[in-house]
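upload29.txt (compact mmCIF, N, CA and C atoms)
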# COMPACT_ATOMS: atom_id res chain seq x y z
N THR A 562 26.00 -4.47 4.13
CA THR A 562 25.09 -5.21 4.97
C THR A 562 25.78 -6.47 5.46
N VAL A 563 25.64 -6.75 6.73
CA VAL A 563 26.20 -7.96 7.31
C VAL A 563 25.18 -9.08 7.17
N GLY A 564 25.60 -10.25 6.77
CA GLY A 564 24.67 -11.36 6.62
C GLY A 564 23.96 -11.30 5.29
N GLU A 565 22.95 -12.12 5.17
CA GLU A 565 22.18 -12.18 3.93
C GLU A 565 20.69 -12.07 4.22
N GLY A 566 19.97 -11.34 3.38
CA GLY A 566 18.51 -11.32 3.45
C GLY A 566 17.93 -10.43 4.53
N PHE A 567 18.73 -9.62 5.17
CA PHE A 567 18.19 -8.72 6.18
C PHE A 567 19.08 -7.49 6.30
N GLN A 568 18.55 -6.47 6.94
CA GLN A 568 19.33 -5.28 7.23
C GLN A 568 19.21 -4.97 8.71
N ARG A 569 20.26 -4.43 9.27
CA ARG A 569 20.20 -4.01 10.66
C ARG A 569 19.27 -2.79 10.75
N PRO A 570 18.69 -2.53 11.92
CA PRO A 570 17.73 -1.43 12.05
C PRO A 570 18.24 -0.09 11.54
N PHE A 571 19.48 0.26 11.81
CA PHE A 571 20.00 1.54 11.35
C PHE A 571 20.10 1.58 9.83
N GLU A 572 20.51 0.47 9.23
CA GLU A 572 20.60 0.40 7.76
C GLU A 572 19.21 0.55 7.14
N LEU A 573 18.24 -0.14 7.70
CA LEU A 573 16.88 -0.06 7.19
C LEU A 573 16.33 1.35 7.34
N ALA A 574 16.57 1.98 8.49
CA ALA A 574 16.11 3.35 8.71
C ALA A 574 16.75 4.31 7.71
N THR A 575 18.01 4.08 7.37
CA THR A 575 18.71 4.92 6.40
C THR A 575 18.09 4.78 5.02
N VAL A 576 17.79 3.55 4.61
CA VAL A 576 17.16 3.31 3.31
C VAL A 576 15.79 4.00 3.26
N ARG A 577 15.01 3.88 4.33
CA ARG A 577 13.70 4.52 4.37
C ARG A 577 13.81 6.03 4.32
N LEU A 578 14.79 6.60 5.01
CA LEU A 578 14.99 8.05 5.00
C LEU A 578 15.36 8.53 3.60
N VAL A 579 16.23 7.81 2.92
CA VAL A 579 16.61 8.17 1.55
C VAL A 579 15.38 8.11 0.64
N ASN A 580 14.57 7.05 0.77
CA ASN A 580 13.35 6.93 -0.04
C ASN A 580 12.40 8.09 0.23
N MET A 581 12.19 8.42 1.51
CA MET A 581 11.29 9.51 1.87
C MET A 581 11.80 10.84 1.32
N THR A 582 13.10 11.07 1.42
CA THR A 582 13.68 12.30 0.90
C THR A 582 13.46 12.41 -0.60
N ASN A 583 13.68 11.31 -1.32
CA ASN A 583 13.46 11.33 -2.78
C ASN A 583 12.01 11.62 -3.13
N ILE A 584 11.08 11.07 -2.37
CA ILE A 584 9.66 11.32 -2.62
C ILE A 584 9.32 12.78 -2.34
N LEU A 585 9.78 13.30 -1.20
CA LEU A 585 9.45 14.68 -0.84
C LEU A 585 10.04 15.68 -1.82
N LEU A 586 11.21 15.41 -2.34
CA LEU A 586 11.83 16.31 -3.32
C LEU A 586 11.04 16.35 -4.63
N ARG A 587 10.31 15.27 -4.94
CA ARG A 587 9.54 15.19 -6.19
C ARG A 587 8.04 15.20 -5.92
N TRP A 588 7.63 15.64 -4.74
CA TRP A 588 6.24 15.57 -4.30
C TRP A 588 5.26 16.09 -5.34
N ASN A 589 5.45 17.30 -5.83
CA ASN A 589 4.50 17.90 -6.78
C ASN A 589 4.42 17.13 -8.09
N GLU A 590 5.49 16.47 -8.44
CA GLU A 590 5.52 15.65 -9.66
C GLU A 590 4.80 14.31 -9.46
N LEU A 591 4.83 13.79 -8.23
CA LEU A 591 4.31 12.46 -7.96
C LEU A 591 2.84 12.41 -7.56
N VAL A 592 2.34 13.45 -6.91
CA VAL A 592 0.96 13.39 -6.41
C VAL A 592 -0.04 13.58 -7.55
N PRO A 593 -1.21 12.98 -7.42
CA PRO A 593 -2.24 13.15 -8.45
C PRO A 593 -2.78 14.58 -8.44
N GLU A 594 -3.32 15.00 -9.58
CA GLU A 594 -3.90 16.34 -9.66
C GLU A 594 -5.03 16.51 -8.64
N ASP A 595 -5.84 15.48 -8.48
CA ASP A 595 -6.92 15.51 -7.50
C ASP A 595 -6.33 15.14 -6.15
N ARG A 596 -6.08 16.13 -5.31
CA ARG A 596 -5.41 15.93 -4.02
C ARG A 596 -6.21 15.03 -3.07
N GLU A 597 -7.51 14.87 -3.30
CA GLU A 597 -8.33 13.98 -2.46
C GLU A 597 -7.85 12.53 -2.58
N LEU A 598 -7.24 12.19 -3.71
CA LEU A 598 -6.80 10.82 -3.94
C LEU A 598 -5.61 10.43 -3.07
N ILE A 599 -4.90 11.39 -2.54
CA ILE A 599 -3.72 11.11 -1.72
C ILE A 599 -4.11 10.29 -0.49
N LEU A 600 -5.28 10.52 0.04
CA LEU A 600 -5.70 9.88 1.28
C LEU A 600 -6.33 8.51 1.09
N GLN A 601 -6.49 8.06 -0.14
CA GLN A 601 -7.11 6.77 -0.37
C GLN A 601 -6.21 5.64 0.08
N ARG A 602 -6.81 4.63 0.63
CA ARG A 602 -6.10 3.43 1.08
C ARG A 602 -6.28 2.33 0.03
N GLY A 603 -5.72 1.19 0.30
CA GLY A 603 -5.87 0.05 -0.60
C GLY A 603 -7.11 -0.75 -0.28
N GLY A 604 -7.28 -1.83 -0.98
CA GLY A 604 -8.42 -2.69 -0.74
C GLY A 604 -8.53 -3.75 -1.81
N ALA A 605 -9.65 -4.45 -1.80
CA ALA A 605 -9.90 -5.51 -2.78
C ALA A 605 -11.39 -5.55 -3.07
N ILE A 606 -11.71 -5.79 -4.33
CA ILE A 606 -13.11 -5.89 -4.75
C ILE A 606 -13.23 -7.07 -5.71
N ILE A 607 -14.27 -7.87 -5.53
CA ILE A 607 -14.59 -8.95 -6.47
C ILE A 607 -15.95 -8.63 -7.07
N PHE A 608 -16.00 -8.62 -8.39
CA PHE A 608 -17.23 -8.37 -9.12
C PHE A 608 -17.72 -9.65 -9.76
N LYS A 609 -19.03 -9.76 -9.88
CA LYS A 609 -19.65 -10.77 -10.73
C LYS A 609 -20.57 -9.97 -11.63
N GLY A 610 -20.12 -9.78 -12.87
CA GLY A 610 -20.83 -8.86 -13.75
C GLY A 610 -20.68 -7.46 -13.18
N ASP A 611 -21.81 -6.78 -12.97
CA ASP A 611 -21.79 -5.44 -12.39
C ASP A 611 -21.97 -5.46 -10.87
N ALA A 612 -22.25 -6.61 -10.30
CA ALA A 612 -22.51 -6.71 -8.86
C ALA A 612 -21.21 -6.87 -8.08
N VAL A 613 -21.11 -6.16 -6.97
CA VAL A 613 -19.96 -6.30 -6.07
C VAL A 613 -20.24 -7.50 -5.16
N MET A 614 -19.41 -8.52 -5.28
CA MET A 614 -19.59 -9.73 -4.49
C MET A 614 -18.81 -9.67 -3.18
N TYR A 615 -17.70 -8.94 -3.18
CA TYR A 615 -16.86 -8.83 -1.99
C TYR A 615 -16.14 -7.50 -2.06
N ARG A 616 -16.05 -6.85 -0.91
CA ARG A 616 -15.31 -5.59 -0.87
C ARG A 616 -14.59 -5.47 0.47
N HIS A 617 -13.33 -5.09 0.39
CA HIS A 617 -12.54 -4.83 1.59
C HIS A 617 -11.84 -3.49 1.39
N ASP A 618 -12.03 -2.58 2.32
CA ASP A 618 -11.33 -1.30 2.31
C ASP A 618 -10.37 -1.27 3.49
N ASP A 619 -9.09 -1.08 3.20
CA ASP A 619 -8.12 -0.99 4.29
C ASP A 619 -8.48 0.17 5.20
N LYS A 620 -8.44 -0.07 6.49
CA LYS A 620 -8.80 0.95 7.47
C LYS A 620 -7.62 1.84 7.84
N GLY A 621 -6.43 1.46 7.47
CA GLY A 621 -5.24 2.24 7.78
C GLY A 621 -4.05 1.68 7.03
N ILE A 622 -2.90 2.22 7.34
CA ILE A 622 -1.70 1.69 6.69
C ILE A 622 -1.45 0.28 7.20
N LEU A 623 -0.83 -0.50 6.38
CA LEU A 623 -0.54 -1.90 6.67
C LEU A 623 -1.80 -2.72 6.91
N GLY A 624 -2.90 -2.33 6.30
CA GLY A 624 -4.12 -3.12 6.37
C GLY A 624 -4.14 -4.09 5.20
N TYR A 625 -4.62 -5.27 5.46
CA TYR A 625 -4.63 -6.28 4.41
C TYR A 625 -5.98 -7.00 4.39
N VAL A 626 -6.37 -7.43 3.21
CA VAL A 626 -7.57 -8.23 3.06
C VAL A 626 -7.29 -9.63 3.62
N ASP A 627 -8.31 -10.26 4.18
CA ASP A 627 -8.20 -11.65 4.62
C ASP A 627 -8.19 -12.50 3.35
N ILE A 628 -7.04 -13.05 3.04
CA ILE A 628 -6.88 -13.76 1.77
C ILE A 628 -7.79 -14.98 1.68
N ASP A 629 -8.05 -15.63 2.81
CA ASP A 629 -8.94 -16.79 2.78
C ASP A 629 -10.36 -16.38 2.41
N GLU A 630 -10.84 -15.27 2.97
CA GLU A 630 -12.17 -14.75 2.61
C GLU A 630 -12.22 -14.38 1.13
N LEU A 631 -11.17 -13.72 0.67
CA LEU A 631 -11.10 -13.27 -0.72
C LEU A 631 -11.16 -14.45 -1.68
N VAL A 632 -10.36 -15.46 -1.41
CA VAL A 632 -10.32 -16.65 -2.29
C VAL A 632 -11.65 -17.39 -2.22
N GLU A 633 -12.20 -17.52 -1.02
CA GLU A 633 -13.49 -18.22 -0.87
C GLU A 633 -14.57 -17.53 -1.71
N CYS A 634 -14.62 -16.22 -1.64
CA CYS A 634 -15.61 -15.48 -2.43
C CYS A 634 -15.35 -15.61 -3.92
N ALA A 635 -14.09 -15.54 -4.30
CA ALA A 635 -13.75 -15.62 -5.72
C ALA A 635 -14.07 -16.99 -6.32
N MET A 636 -14.05 -18.03 -5.49
CA MET A 636 -14.28 -19.36 -5.99
C MET A 636 -15.76 -19.74 -6.05
N LYS A 637 -16.64 -18.86 -5.55
CA LYS A 637 -18.09 -19.16 -5.58
C LYS A 637 -18.63 -19.03 -6.98

Now, as a test, write the supplied structure out as structure tokens.
Amino acid sequence: TVGEGFQRPFELATVRLVNMTNILLRWNELVPEDRELILQRGGAIIFKGDAVMYRHDDKGILGYVDIDELVECAMK
């Protein structure tokens, strides 16, 4: 890698391809028994006792919770 702290696009694409290949080769070993779980996205939930005070479900890949909303709710 040239420089520090970054990779050129081709280098990054190569790393991602190697990662994807390793995952696909071990797919049956890595996936959960319940195949429905493969499609689940990330999210965040704040509970107060048994009550859900805040919930965020990612709508797609690279979805993130609004951290300011999350912290505001958590601090109540």

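Comparing A:Ile622, A:Val576, A:Met614, A:Leu585 by their smallest distance to A:Cys634, the closest is A:Met614 (using all atoms listed in the file).
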
**Q.** Protein/DNA/RNA residues near (-7.6, 4.3, 4.6), cut 7 Å, all atoms listed in the file, as a ChimeraX atom specification
**A.** /A:600-603,618-622

Q. In Å to one decimal, how far is atom C of A:Tyr615 from atom C of A:Glu630?
A. 8.5 Å

Strand (DSSP E or B) per DSSP on the backbone: members of stretch 588-626 of chain A, as a PDB file with N, CA and C atoms, in the frame of the given file:
ATOM      1  N   GLY A 604      -7.280  -1.830  -0.980  1.00  0.00           N
ATOM      2  CA  GLY A 604      -8.420  -2.690  -0.740  1.00  0.00           C
ATOM      3  C   GLY A 604      -8.530  -3.750  -1.810  1.00  0.00           C
ATOM      4  N   ALA A 605      -9.650  -4.450  -1.800  1.00  0.00           N
ATOM      5  CA  ALA A 605      -9.900  -5.510  -2.780  1.00  0.00           C
ATOM      6  C   ALA A 605     -11.390  -5.550  -3.070  1.00  0.00           C
ATOM      7  N   ILE A 606     -11.710  -5.790  -4.330  1.00  0.00           N
ATOM      8  CA  ILE A 606     -13.110  -5.890  -4.750  1.00  0.00           C
ATOM      9  C   ILE A 606     -13.230  -7.070  -5.710  1.00  0.00           C
ATOM     10  N   ILE A 607     -14.270  -7.870  -5.530  1.00  0.00           N
ATOM     11  CA  ILE A 607     -14.590  -8.950  -6.470  1.00  0.00           C
ATOM     12  C   ILE A 607     -15.950  -8.630  -7.070  1.00  0.00           C
ATOM     13  N   PHE A 608     -16.000  -8.620  -8.390  1.00  0.00           N
ATOM     14  CA  PHE A 608     -17.230  -8.370  -9.120  1.00  0.00           C
ATOM     15  C   PHE A 608     -17.720  -9.650  -9.760  1.00  0.00           C
ATOM     16  N   LYS A 609     -19.030  -9.760  -9.880  1.00  0.00           N
ATOM     17  CA  LYS A 609     -19.650 -10.770 -10.730  1.00  0.00           C
ATOM     18  C   LYS A 609     -20.570  -9.970 -11.630  1.00  0.00           C
ATOM     19  N   ALA A 612     -22.250  -6.610 -10.300  1.00  0.00           N
ATOM     20  CA  ALA A 612     -22.510  -6.710  -8.860  1.00  0.00           C
ATOM     21  C   ALA A 612     -21.210  -6.870  -8.080  1.00  0.00           C
ATOM     22  N   VAL A 613     -21.110  -6.160  -6.970  1.00  0.00           N
ATOM     23  CA  VAL A 613     -19.960  -6.300  -6.070  1.00  0.00           C
ATOM     24  C   VAL A 613     -20.240  -7.500  -5.160  1.00  0.00           C
ATOM     25  N   MET A 614     -19.410  -8.520  -5.280  1.00  0.00           N
ATOM     26  CA  MET A 614     -19.590  -9.730  -4.490  1.00  0.00           C
ATOM     27  C   MET A 614     -18.810  -9.670  -3.180  1.00  0.00           C
ATOM     28  N   TYR A 615     -17.700  -8.940  -3.180  1.00  0.00           N
ATOM     29  CA  TYR A 615     -16.860  -8.830  -1.990  1.00  0.00           C
ATOM     30  C   TYR A 615     -16.140  -7.500  -2.060  1.00  0.00           C
ATOM     31  N   ARG A 616     -16.050  -6.850  -0.910  1.00  0.00           N
ATOM     32  CA  ARG A 616     -15.310  -5.590  -0.870  1.00  0.00           C
ATOM     33  C   ARG A 616     -14.590  -5.470   0.470  1.00  0.00           C
ATOM     34  N   HIS A 617     -13.330  -5.090   0.390  1.00  0.00           N
ATOM     35  CA  HIS A 617     -12.540  -4.830   1.590  1.00  0.00           C
ATOM     36  C   HIS A 617     -11.840  -3.490   1.390  1.00  0.00           C
ATOM     37  N   ASP A 618     -12.030  -2.580   2.320  1.00  0.00           N
ATOM     38  CA  ASP A 618     -11.330  -1.300   2.310  1.00  0.00           C
ATOM     39  C   ASP A 618     -10.370  -1.270   3.490  1.00  0.00           C
TER      40      ASP A 618
END

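Note that the spacing between atom N of A:Glu633 and atom C of A:Val613 amounts to 13.5 Å.
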
Q. Atom CA of A:Gly624 to atom CA of A:Glu594: how many Å, to one decimal?
A. 25.2 Å

Q: DSSP on the backbone, then: every residue of chain A marked helix (DSSP H, G or I), written as number ranges by chain.
A: A: 570-586, 588-591, 596-600, 628-635

Q. Using only N, CA and C atoms, which of A:Leu573, A:Ile607, A:Ile599, A:Ala612 sits nearest A:Leu631?
A. A:Ile607
